[in-house]
Structure formats: structure tokens, C-alpha cells
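Asker: What follows is data_11.txt, made up of compact mmCIF, C-alpha atoms:
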```
# COMPACT_ATOMS: atom_id res chain seq x y z
CA MET B 279 -4.54 27.70 -5.30
CA LYS B 280 -5.32 27.43 -8.98
CA ASP B 281 -7.26 30.39 -10.36
CA THR B 282 -9.26 28.70 -13.11
CA ARG B 283 -12.22 26.42 -12.70
CA GLU B 284 -10.59 23.71 -14.82
CA ASP B 285 -7.51 23.66 -12.62
CA SER B 286 -9.61 23.39 -9.49
CA VAL B 287 -11.15 20.16 -10.81
CA LYS B 288 -7.74 18.55 -10.22
CA VAL B 289 -8.60 18.95 -6.54
CA MET B 290 -10.85 15.92 -6.74
CA LYS B 291 -8.29 13.39 -7.96
CA ILE B 292 -8.78 10.99 -5.10
CA GLU B 293 -5.38 9.33 -5.38
CA GLU B 294 -3.85 12.68 -4.34
CA VAL B 295 -6.07 13.05 -1.24
CA LYS B 296 -5.09 11.29 1.96
CA SER B 297 -7.64 11.00 4.74
CA THR B 298 -6.88 12.95 7.91
CA ALA B 299 -9.45 11.03 9.95
CA ARG B 300 -8.25 9.76 13.29
CA LYS B 301 -7.50 6.04 13.41
CA GLN B 302 -10.13 3.96 15.23
CA ARG B 303 -8.66 2.29 18.30
CA VAL B 304 -10.10 0.45 21.27
CA ALA B 305 -11.20 3.39 23.43
CA ALA B 306 -13.86 4.49 25.90
CA HIS B 307 -16.66 4.41 23.32
CA SER B 308 -15.48 1.78 20.84
CA HIS B 309 -18.11 -0.66 22.17
CA VAL B 310 -20.99 1.66 21.20
CA LYS B 311 -22.69 0.31 18.04
CA GLY B 312 -25.86 2.46 17.89
CA LEU B 313 -28.63 3.95 20.01
CA GLY B 314 -30.17 0.55 20.81
CA LEU B 315 -33.72 1.38 19.69
CA ASP B 316 -36.53 -1.13 19.28
CA PRO B 317 -37.24 -1.42 15.51
CA ASP B 318 -41.03 -1.47 16.00
CA SER B 319 -41.71 1.04 18.79
CA HIS B 320 -38.55 3.20 18.20
CA LEU B 321 -38.10 3.31 21.98
CA ALA B 322 -34.70 2.69 23.55
CA LYS B 323 -34.03 -0.69 25.16
CA SER B 324 -32.51 -0.63 28.65
CA HIS B 325 -29.54 -2.82 27.57
CA ALA B 326 -28.56 -2.64 23.90
CA CYS B 327 -25.72 -1.69 21.52
CA GLY B 328 -23.25 -1.11 24.35
CA PHE B 329 -25.61 1.15 26.34
CA ILE B 330 -27.06 0.66 29.80
CA GLY B 331 -29.71 3.13 30.96
CA GLN B 332 -30.31 6.66 29.60
CA VAL B 333 -33.50 5.32 27.98
CA ASP B 334 -35.22 8.72 27.66
CA ALA B 335 -32.13 10.46 26.25
CA ARG B 336 -31.51 7.70 23.68
CA THR B 337 -35.18 7.70 22.62
CA ALA B 338 -35.00 11.49 22.13
CA ALA B 339 -31.75 11.09 20.14
CA GLY B 340 -33.53 8.56 17.94
CA ILE B 341 -36.22 11.17 17.15
CA VAL B 342 -33.46 13.63 16.18
CA VAL B 343 -31.93 11.00 13.84
CA ASP B 344 -35.38 10.56 12.21
CA LEU B 345 -35.67 14.34 11.77
CA VAL B 346 -32.22 14.45 10.14
CA GLN B 347 -33.13 11.64 7.74
CA LEU B 348 -36.36 13.46 6.85
CA LYS B 349 -34.27 16.64 6.21
CA LYS B 350 -36.15 18.62 8.87
CA MET B 351 -33.18 19.64 11.06
CA ALA B 352 -31.77 22.39 8.83
CA GLY B 353 -30.39 25.33 10.81
CA ARG B 354 -30.82 23.56 14.13
CA ALA B 355 -28.54 21.80 16.60
CA VAL B 356 -28.80 19.42 19.58
CA LEU B 357 -27.73 20.18 23.16
CA LEU B 358 -26.98 17.27 25.49
CA ALA B 359 -27.07 18.50 29.10
CA GLY B 360 -26.23 16.42 32.13
CA PRO B 361 -23.64 15.59 34.80
CA PRO B 362 -20.18 14.30 33.80
CA GLY B 363 -20.01 10.61 32.97
CA THR B 364 -23.65 10.20 31.92
CA GLY B 365 -22.95 9.18 28.31
CA LYS B 366 -23.25 12.44 26.35
CA THR B 367 -20.31 11.65 24.03
CA ALA B 368 -21.50 8.05 23.59
CA ILE B 369 -25.00 9.20 22.55
CA ALA B 370 -23.52 11.65 20.00
CA LEU B 371 -21.32 8.86 18.56
CA ALA B 372 -24.32 6.50 18.42
CA MET B 373 -26.29 9.13 16.48
CA ALA B 374 -23.55 9.19 13.83
CA GLN B 375 -23.64 5.38 13.60
CA GLU B 376 -27.43 5.38 13.25
CA LEU B 377 -27.15 7.80 10.31
CA GLY B 378 -25.19 5.23 8.30
CA ASP B 379 -21.90 3.45 7.71
CA LYS B 380 -18.80 5.62 7.24
CA VAL B 381 -20.64 8.78 8.40
CA PRO B 382 -17.96 11.09 9.89
CA PHE B 383 -17.94 11.77 13.63
CA CYS B 384 -15.75 14.70 14.65
CA PRO B 385 -15.38 15.32 18.41
CA MET B 386 -13.88 18.54 19.78
CA VAL B 387 -13.78 20.45 23.07
CA GLY B 388 -14.87 24.08 23.41
CA SER B 389 -11.45 25.14 24.70
CA GLU B 390 -9.75 23.91 21.47
CA VAL B 391 -10.74 27.13 19.67
CA TYR B 392 -8.35 29.25 21.76
CA SER B 393 -5.12 28.89 19.76
CA ALA B 394 -2.20 31.29 19.44
CA GLU B 395 -1.72 30.44 15.74
CA VAL B 396 -5.24 30.24 14.28
CA LYS B 397 -8.41 32.29 14.71
CA LYS B 398 -11.27 30.83 16.73
CA THR B 399 -13.62 30.87 13.76
CA GLU B 400 -11.04 29.04 11.62
CA VAL B 401 -10.82 26.19 14.18
CA LEU B 402 -14.61 25.89 14.17
CA MET B 403 -14.83 25.88 10.36
CA GLU B 404 -12.04 23.30 10.11
CA ASN B 405 -13.98 20.95 12.38
CA PHE B 406 -17.20 21.68 10.46
CA ARG B 407 -15.47 20.60 7.23
CA ARG B 408 -13.95 17.56 8.97
CA ALA B 409 -17.48 16.40 9.90
CA ILE B 410 -18.76 16.48 6.27
CA GLY B 411 -17.91 13.36 4.30
CA LEU B 412 -17.72 12.87 0.55
CA ARG B 413 -18.03 9.44 -1.08
CA VAL B 414 -16.27 9.66 -4.45
CA LYS B 415 -16.91 7.01 -7.10
CA GLU B 416 -14.50 6.78 -10.01
CA LYS B 417 -14.06 4.23 -12.77
CA LYS B 418 -10.40 3.30 -13.08
CA GLU B 419 -8.32 0.88 -15.09
CA VAL B 420 -6.76 -1.62 -12.69
CA TYR B 421 -4.73 -4.82 -12.77
CA GLU B 422 -6.20 -7.22 -10.22
CA GLY B 423 -5.40 -10.82 -9.34
CA GLU B 424 -3.52 -13.29 -7.17
CA VAL B 425 0.27 -12.86 -7.16
CA THR B 426 1.90 -16.05 -8.48
CA GLU B 427 5.33 -14.57 -9.22
CA LEU B 428 7.17 -11.51 -7.96
CA ALA B 429 10.72 -11.13 -9.29
CA PRO B 430 12.75 -7.91 -9.07
CA LEU B 431 15.45 -7.81 -11.78
CA GLU B 432 18.72 -5.97 -11.17
CA THR B 433 21.21 -4.39 -13.55
CA GLU B 434 24.61 -2.71 -13.31
CA ASN B 435 24.56 0.56 -11.42
CA PRO B 436 24.70 3.37 -14.01
CA LEU B 437 26.62 5.52 -11.53
CA GLY B 438 29.39 2.93 -11.29
CA GLY B 439 30.61 1.13 -8.22
CA TYR B 440 29.91 -2.38 -6.97
CA GLY B 441 26.21 -1.94 -6.18
CA LYS B 442 23.33 -3.11 -8.32
CA ALA B 443 20.33 -1.03 -9.45
CA LEU B 444 16.78 -2.26 -9.86
CA SER B 445 15.85 -2.19 -13.56
CA HIS B 446 12.26 -3.50 -13.42
CA VAL B 447 9.94 -5.94 -11.65
CA LEU B 448 8.22 -8.95 -13.21
CA LEU B 449 4.81 -9.58 -11.63
CA THR B 450 2.43 -12.37 -12.64
CA LEU B 451 -1.23 -12.04 -11.67
CA LYS B 452 -3.84 -14.80 -11.88
CA THR B 453 -7.64 -14.62 -12.06
CA THR B 454 -10.35 -17.20 -12.77
CA LYS B 455 -10.06 -16.34 -16.49
CA GLY B 456 -6.28 -16.56 -16.92
CA THR B 457 -2.87 -15.14 -16.00
CA LYS B 458 -0.91 -12.10 -17.14
CA GLN B 459 2.73 -11.11 -16.64
CA LEU B 460 3.43 -7.41 -16.03
CA LYS B 461 6.69 -5.53 -16.34
CA LEU B 462 6.59 -2.83 -13.64
CA ASP B 463 8.57 0.33 -12.99
CA PRO B 464 10.97 0.12 -10.00
CA SER B 465 8.98 2.84 -8.17
CA ILE B 466 5.96 0.49 -7.98
CA TYR B 467 8.18 -2.11 -6.25
CA ASP B 468 8.40 0.26 -3.25
CA GLY B 469 4.60 0.15 -2.99
CA LEU B 470 4.65 -3.64 -3.12
CA LEU B 471 7.21 -3.74 -0.31
CA LYS B 472 5.23 -1.30 1.85
CA GLN B 473 2.10 -3.44 1.46
CA LYS B 474 4.21 -6.57 2.27
CA VAL B 475 2.96 -8.30 -0.88
CA GLU B 476 4.05 -11.91 -1.41
CA ALA B 477 2.99 -14.87 -3.55
CA GLY B 478 -0.59 -15.90 -2.79
CA ASP B 479 -1.81 -12.35 -1.99
CA VAL B 480 -4.63 -10.72 -3.95
CA ILE B 481 -3.73 -7.16 -5.00
CA HIS B 482 -4.89 -4.47 -7.37
CA ILE B 483 -2.69 -1.87 -9.08
CA GLU B 484 -4.12 1.32 -10.59
CA ALA B 485 -2.98 1.67 -14.20
CA ASN B 486 -2.75 5.49 -14.16
CA THR B 487 -1.01 6.10 -10.83
CA GLY B 488 0.70 2.77 -10.10
CA SER B 489 -0.64 2.77 -6.53
CA VAL B 490 -0.80 -0.72 -5.03
CA LYS B 491 -3.44 -2.03 -2.62
CA ARG B 492 -3.27 -5.43 -0.96
CA LEU B 493 -6.82 -6.82 -0.66
CA GLY B 494 -5.92 -9.91 1.38
CA ARG B 495 -4.75 -13.51 1.11
CA CYS B 496 -6.29 -15.75 -1.57
CA ASP B 497 -8.87 -18.09 0.03
CA ALA B 498 -7.15 -21.10 -1.60
CA TYR B 499 -4.66 -20.87 1.31
CA ALA B 500 -7.37 -20.68 4.00
CA ALA B 501 -6.94 -24.30 5.13
CA GLU B 502 -3.18 -24.03 5.77
CA PHE B 503 -3.52 -23.11 9.45
CA ASP B 504 -6.21 -23.58 12.10
CA LEU B 505 -5.72 -20.01 13.31
CA GLU B 506 -4.89 -17.27 10.83
CA ALA B 507 -4.68 -13.49 11.42
CA ASP B 508 -4.92 -12.60 7.73
CA GLU B 509 -8.09 -11.76 5.82
CA PHE B 510 -8.97 -14.17 3.01
CA VAL B 511 -10.57 -12.99 -0.23
CA PRO B 512 -11.78 -15.00 -3.23
CA LEU B 513 -9.79 -15.22 -6.46
CA PRO B 514 -10.85 -12.25 -8.65
CA LYS B 515 -13.14 -12.99 -11.60
CA GLY B 516 -12.75 -11.79 -15.18
CA ASP B 517 -9.59 -10.52 -16.84
CA VAL B 518 -6.49 -9.28 -15.00
CA HIS B 519 -6.78 -5.88 -16.74
CA LYS B 520 -10.23 -4.43 -16.15
CA THR B 521 -12.19 -1.24 -15.51
CA LYS B 522 -13.38 -1.10 -11.92
CA GLU B 523 -15.41 1.38 -9.86
CA VAL B 524 -13.26 2.62 -6.99
CA VAL B 525 -15.03 4.15 -3.97
CA GLN B 526 -13.16 6.36 -1.53
CA ASP B 527 -14.49 8.24 1.50
CA VAL B 528 -12.83 11.59 2.24
CA THR B 529 -13.93 14.71 4.10
CA LEU B 530 -14.09 18.27 2.83
CA HIS B 531 -11.23 19.08 5.22
CA ASP B 532 -9.08 16.45 3.46
CA LEU B 533 -9.71 18.26 0.16
CA ASP B 534 -8.93 21.63 1.78
CA MET B 535 -5.60 20.36 3.11
CA ALA B 536 -4.66 18.65 -0.16
CA ASN B 537 -5.00 21.96 -2.01
CA ALA B 538 -3.68 24.31 0.68
CA ARG B 539 -0.17 22.83 0.46
CA PRO B 540 2.09 24.32 -2.20
CA GLN B 541 2.61 21.80 -5.00
CA GLY B 542 6.38 22.16 -5.53
CA GLN B 543 8.29 20.30 -8.23
CA GLN B 544 10.23 17.24 -7.14
CA GLY B 545 13.75 18.31 -6.29
CA ASP B 546 12.76 21.96 -6.01
CA MET B 547 14.86 23.64 -3.28
CA LEU B 548 11.88 25.46 -1.74
CA SER B 549 9.83 22.27 -1.43
CA LEU B 550 12.82 20.50 0.14
CA LEU B 551 13.21 23.31 2.67
CA GLY B 552 9.49 23.14 3.40
CA GLN B 553 9.83 19.46 4.25
CA MET B 554 12.81 20.11 6.52
CA ILE B 555 11.31 23.02 8.42
CA LYS B 556 8.02 22.20 10.14
CA PRO B 557 5.55 24.84 8.91
CA LYS B 558 3.19 26.71 11.17
CA LYS B 559 -0.48 25.77 11.08
CA SER B 560 -1.86 27.93 8.27
CA GLU B 561 -5.40 29.11 7.72
CA ILE B 562 -7.29 27.95 4.64
CA THR B 563 -8.81 30.83 2.70
CA ASP B 564 -12.55 31.21 2.08
CA ARG B 565 -11.77 31.50 -1.63
CA LEU B 566 -10.20 28.04 -1.70
CA ARG B 567 -13.13 26.56 0.21
CA SER B 568 -15.67 28.15 -2.15
CA GLU B 569 -13.76 26.74 -5.17
CA ILE B 570 -13.76 23.27 -3.61
CA ASN B 571 -17.48 23.59 -2.82
CA LYS B 572 -18.17 24.41 -6.51
CA VAL B 573 -16.25 21.34 -7.66
CA VAL B 574 -17.97 19.15 -5.05
CA ASN B 575 -21.41 20.42 -6.15
CA ASP B 576 -20.53 19.70 -9.79
CA TYR B 577 -19.47 16.16 -8.92
CA ILE B 578 -22.68 15.62 -6.94
CA ASP B 579 -24.77 16.87 -9.90
CA GLN B 580 -22.91 14.47 -12.22
CA GLY B 581 -23.47 11.54 -9.83
CA ILE B 582 -19.73 11.01 -9.32
CA ALA B 583 -19.81 11.91 -5.63
CA GLU B 584 -22.27 11.69 -2.75
CA LEU B 585 -22.32 14.04 0.25
CA LEU B 586 -22.37 12.43 3.73
CA PRO B 587 -23.17 15.03 6.41
CA GLY B 588 -21.70 13.70 9.67
CA VAL B 589 -21.89 14.69 13.32
CA LEU B 590 -19.81 17.50 14.85
CA PHE B 591 -19.70 17.00 18.62
CA ILE B 592 -18.66 20.09 20.63
CA ASP B 593 -18.12 19.16 24.28
CA GLU B 594 -17.94 21.79 27.05
CA VAL B 595 -19.89 24.23 24.87
CA HIS B 596 -19.97 26.76 27.76
CA MET B 597 -16.28 27.41 27.00
CA LEU B 598 -17.20 29.17 23.71
CA ASP B 599 -17.58 32.96 23.69
CA LEU B 600 -19.98 35.31 21.87
CA GLU B 601 -17.76 35.48 18.78
CA CYS B 602 -17.91 31.69 18.40
CA PHE B 603 -21.68 31.53 18.93
CA THR B 604 -22.24 34.29 16.36
CA TYR B 605 -20.13 32.36 13.85
CA LEU B 606 -22.03 29.14 14.61
CA HIS B 607 -25.30 30.86 13.61
CA ARG B 608 -23.91 31.45 10.13
CA ALA B 609 -22.31 28.00 9.88
CA LEU B 610 -25.53 26.20 10.86
CA GLU B 611 -27.42 27.97 8.06
CA SER B 612 -24.86 27.17 5.33
CA THR B 613 -25.92 24.87 2.49
CA ILE B 614 -23.28 22.25 3.40
CA SER B 615 -23.50 21.71 7.15
CA PRO B 616 -23.15 18.68 9.48
CA ILE B 617 -25.41 17.80 12.39
CA VAL B 618 -24.04 19.80 15.35
CA VAL B 619 -24.34 18.28 18.83
CA PHE B 620 -23.37 20.40 21.84
CA ALA B 621 -22.72 19.00 25.31
CA THR B 622 -22.36 20.69 28.69
CA ASN B 623 -22.45 19.83 32.39
CA ARG B 624 -23.19 23.39 33.59
CA GLY B 625 -26.49 24.82 34.77
CA ARG B 626 -27.00 28.58 34.70
CA CYS B 627 -23.68 30.34 34.33
CA LYS B 628 -22.04 33.32 32.62
CA VAL B 629 -21.51 33.34 28.89
CA ARG B 630 -17.73 33.37 28.52
CA GLY B 631 -16.30 36.89 28.20
CA THR B 632 -19.51 38.62 29.32
CA ASP B 633 -21.44 39.29 32.53
CA MET B 634 -24.61 37.80 30.99
CA ILE B 635 -26.08 34.84 32.90
CA ALA B 636 -27.60 32.22 30.58
CA THR B 637 -28.83 28.64 30.73
CA HIS B 638 -25.86 26.27 30.28
CA GLY B 639 -23.69 29.30 29.43
CA VAL B 640 -25.27 29.46 25.95
CA PRO B 641 -26.80 32.76 24.68
CA SER B 642 -30.59 32.76 24.33
CA GLU B 643 -30.35 33.30 20.54
CA MET B 644 -28.49 29.98 20.20
CA LEU B 645 -30.80 28.22 22.69
CA ASP B 646 -33.70 29.05 20.36
CA ARG B 647 -32.00 26.93 17.69
CA VAL B 648 -31.25 23.82 19.76
CA LEU B 649 -33.22 20.77 20.80
CA MET B 650 -32.25 19.93 24.40
CA ILE B 651 -31.79 16.34 25.57
CA GLN B 652 -31.18 15.70 29.28
CA THR B 653 -28.97 12.89 30.54
CA LYS B 654 -29.55 11.74 34.12
CA PRO B 655 -27.19 10.19 36.71
CA TYR B 656 -27.14 6.39 36.68
CA THR B 657 -29.15 4.50 39.29
CA PRO B 658 -27.43 1.95 41.61
CA ASP B 659 -29.00 -0.91 39.62
CA GLU B 660 -27.65 0.45 36.32
CA ILE B 661 -24.18 0.87 37.85
CA ASN B 662 -24.25 -2.76 39.09
CA ASP B 663 -25.21 -3.97 35.58
```
Take the structure I supplied and represent it as C-alpha cells, if you would.
Answerer:
Amino acid sequence: MKDTREDSVKVMKIEEVKSTARKQRVAAHSHVKGLGLDPDSHLAKSHACGFIGQVDARTAAGIVVDLVQLKKMAGRAVLLAGPPGTGKTAIALAMAQELGDKVPFCPMVGSEVYSAEVKKTEVLMENFRRAIGLRVKEKKEVYEGEVTELAPLETENPLGGYGKALSHVLLTLKTTKGTKQLKLDPSIYDGLLKQKVEAGDVIHIEANTGSVKRLGRCDAYAAEFDLEADEFVPLPKGDVHKTKEVVQDVTLHDLDMANARPQGQQGDMLSLLGQMIKPKKSEITDRLRSEINKVVNDYIDQGIAELLPGVLFIDEVHMLDLECFTYLHRALESTISPIVVFATNRGRCKVRGTDMIATHGVPSEMLDRVLMIQTKPYTPDEIND
């Protein structure tokens, strides 16, 4: 980690931060699009947004979403209690979707905290940071347009032999205002190949980093086929070389990971060994997190970034022990905290690691902080629907 404040600002260069969010696939809850509330009465509809039944629980979850939006849920959490298969995870996911587009949703199970490599509190904090999003807005110089020509030019191999070496790439981009031919470094050609760029595609290349992003196929080619799997975009307006606002969504955990890795020089023997040998999962220090928090707060004050508190869903919360619950008290009261949703299918049972009997296996001090929502078994009619 860099010691000075100026060095820590380099943390926020978004081209160096790769998202660690899990890829969205068709899964058990991919059909859920929201809580399915009536816009006038704010009551849940019986069939809406991928939900059937659980009207009372969804209505109560809608009230929690309103409290969050009014900033009146600080230091509190939600506990979803009900039998298995009654939609607790789906309701938590729907709450995240109701809070807005691109709001992080981080699911975990209580038993995940018991790792041989990392402390329990570190696992909890990592998931807390994963559930807090950051929308970074930066103005960057980009070259944007439709590819009309892409020609890699080869030269004699400087090392000798019969092979050829790539000297540079000629790329012609077209917009509504005109065309421009660019002479690109061979390293950028790798990015073009990875994005599978060809003539007729609309791309943009960042001037500072050379990173390439394929936006889609130019809509002039939309009538070529009746069925087309590609996404069509209009021909960019203005000049090929322009200043554009780039928006990227990352989480605080992404920033932690980007700065926890040692930044070795290219070709450095230690960095090469580090790539060959799979490292153990390492803990991120509180000092690094506090430095990142300072930079994030500065960016928020300057209007460059916007904080997006997401939803941390902890299933099987009765699996946590007293140490975890004590840590959660502190985490819930921190200035940067997501909305925490617990779920359990237990009634009265022992708090893990103790002989104390408590409701849902959660200590009474934590129960004082939570709003409980009950999910009920589905009726035969709801099952038939």
C-alpha cells in the first residue's frame, strides 16, 4: 500500500479496477424483477414481478425499502423468518432491485465465515464491502466511431528468422461528421482481437490507456438478416476524437483487491513467481480500507463518484456465533454500510457456541436492531398457480 495520500488517489483509476461481481446467469431467482407493489396503494399484488403469494411479506419489504430511501434505517437490519422454500432470498433480491438499477446484491451463507485461512470478521467485512457500490464518472479522451478499415501491417522480425513481426495497425473510424485514420500500437491490436472487432462495428478506444470496447454493430447493417444476435447501435455523432464521460460501477471490495495486490514491475522475477504460484487468500488491512474510504469520500465530495449502498443477504444467520454478532453491531453503525438482510428457518434454538436459547438463534441485543418479516408456507392454490 502507498503511504502518502497522493499515492492512494491512484487507487481510483477505474481502468485498473476490474469488477469481481458474479456474472448474472439464468438461475433460481433470475425471473424476479421487483417486489410487485401497486404504485398507488403500495400493497403487494398476488401475481407480479415473478412473485406468487407472500403478499404480507412483500408489502412489509416495500415499507423497509421506503425507510431506506428516506434514510431512516441507519444501524438497523431486516430478518426474514420462515420455512425453507418460502421466497426469503427472492424477497431480499427484489429489495435490491427496488432500490435502483445496478445496486449491488451480495448473498452469503452463515457457514461461509468459518474458514481455515481467513478470520470470521474478515469474511464478514469483505462481504460488507462487496455490497457497497461506487459509480465513478470520469471525463476521458476517446476515439469513437464505426470501423471502416482494420489493417495490421507487418515488418521483418528484428530477432531474425523467417517470421514476421507486427509493426503497427491502421484503423479508420467514421462518424456522422467525418472519418479519421489512426496508427495504433501493436499492443492495442490484441484488444481489438479479444473484442472480435471487424468492419462495421462501433468501438471506442481510450486515448490514455488504449483499452478497446466494442459497443455493437452499426445500425446501417440491421436489415442484412431477418434474425440477428448482435446488438445494433447508431453511428456516433460529432468528431472521432472527443471528450466523453465514462461511467463505471465498481464495489469497495473491487478497490480493496486492486490495491492489496503487489504492483510488481513487468518482467520482475518476484511478480512472475507470484503468477505461477497460486497465493493464499490474504486479509486486507484496516489501514488500506481507511485510506480507500478517504479517497472515496473525497471523490464523493467533488461529485466524481456516487455511493450506492446495496443489499447484503446473510442466509442461515443462526450459523453465526457471538463473535460474528458482536462484529455486526459495529459494522451496522459504520458510516458506509449496506442494507443487511438476515434469513433463517429456525425457531427458538441455541446461539452457536453457547448454551443460551434465543429466538431464531440470534442474541437479544441483535434482535433489538432488526425488523422481522415472516414468510408463510404457500397455499395449495398458490402452488397450482
Asker: For Lys452 (chain B), please output as a ChimeraX atom specification all residues within 8 Å (counting all atoms listed in the file; exclusion window: fewer than 2 positions along the same chain).
Answerer: /B:423-426,450,454-458,518
Asker: Taking all atoms listed in the file into account, name the residue in B:Thr367, B:Thr453, B:Asn435, B:Gln459 that is nearest to Asp479 (chain B).
Answerer: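 Looking at the shortest contact to Asp479 (chain B), the residue is B:Thr453.
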Asker: Residues within 8 Å of (-23.3, 27.8, 27.8), file coordinates, counting all atoms listed in the file: what are they? Give the list as a PyMOL selection string.
Answerer: chain B and resi 595-598+622+624+626-630+636-641
Asker: Smallest atom-to-atom distance to Leu585 (chain B): which of B:Lys323, B:Lys397, B:Arg413, B:Arg354, using all atoms listed in the file?
Answerer: B:Arg413
Asker: Using only C-alpha atoms, find the one residue out of B:Ala374, B:Ile592, B:Val342, B:Ile651 that sits nearest to Val401 (chain B).
Answerer: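 Among the listed residues, B:Ile592 lies closest to Val401 (chain B).
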Asker: From the options B:Val414, B:Lys520, B:Arg608, B:Ser642, which residue's atoms come nearest to Gln580 (chain B), counting only C-alpha atoms?
Answerer: B:Val414
Asker: Calculated over all atoms listed in the file, which of the candidates B:Asp463, B:Glu434, B:Asn537, B:Gly581 has the smallest distance to Leu566 (chain B)?
Answerer: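 Closest residue, counting all atoms listed in the file: B:Asn537.
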Asker: When you draw a straight line from CA of Asp534 (chain B) to CA of Ile614 (chain B), how long is it in Å?
Answerer: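 Calculated distance between CA of Asp534 (chain B) and CA of Ile614 (chain B) is 14.5 Å.
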Asker: Would you tabulate, counting all atoms listed in the file, all residues of region 395-423 of chain B that have an atom at most 12 Å from an atom of region 618-621 of chain B, showing the closest pair of atoms and their distance in Å to one decimal, sorted by chain then ascending number, as a Markdown table?
Answerer:
```
| residue | atom | partner | partner_atom | distance |
| --- | --- | --- | --- | --- |
| B:Leu402 | CA | B:Val618 | CA | 11.3 |
| B:Asn405 | CA | B:Val618 | CA | 10.6 |
| B:Phe406 | CA | B:Val618 | CA | 8.6 |
| B:Arg407 | CA | B:Val618 | CA | 11.8 |
| B:Ala409 | CA | B:Val618 | CA | 9.2 |
| B:Ile410 | CA | B:Val618 | CA | 11.0 |
```
Asker: To one decimal place, how far is CA of Ala477 (chain B) from CA of Val524 (chain B) in Å?
Answerer: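 That distance, rounded to one decimal, is 24.1 Å.
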Asker: Mind giving me the straight-line distance from CA of Asp517 (chain B) to CA of Ile582 (chain B) in Å, one decimal?
Answerer: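 Separation between CA of Asp517 (chain B) and CA of Ile582 (chain B): 25.0 Å.
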Asker: With distances taken over all atoms listed in the file, which of B:Gly488, B:Val525, B:Leu451, B:Leu357 is nearest to Pro464 (chain B)?
Answerer: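 Nearest to Pro464 (chain B): B:Gly488.
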Asker: Excluding same-chain residues fewer than 2 positions from Met351 (chain B), what lies within 12 Å of it counting only C-alpha atoms, as a PyMOL selection string?
Answerer: chain B and resi 341-349+353-356+587+610-611+615-619+647-649
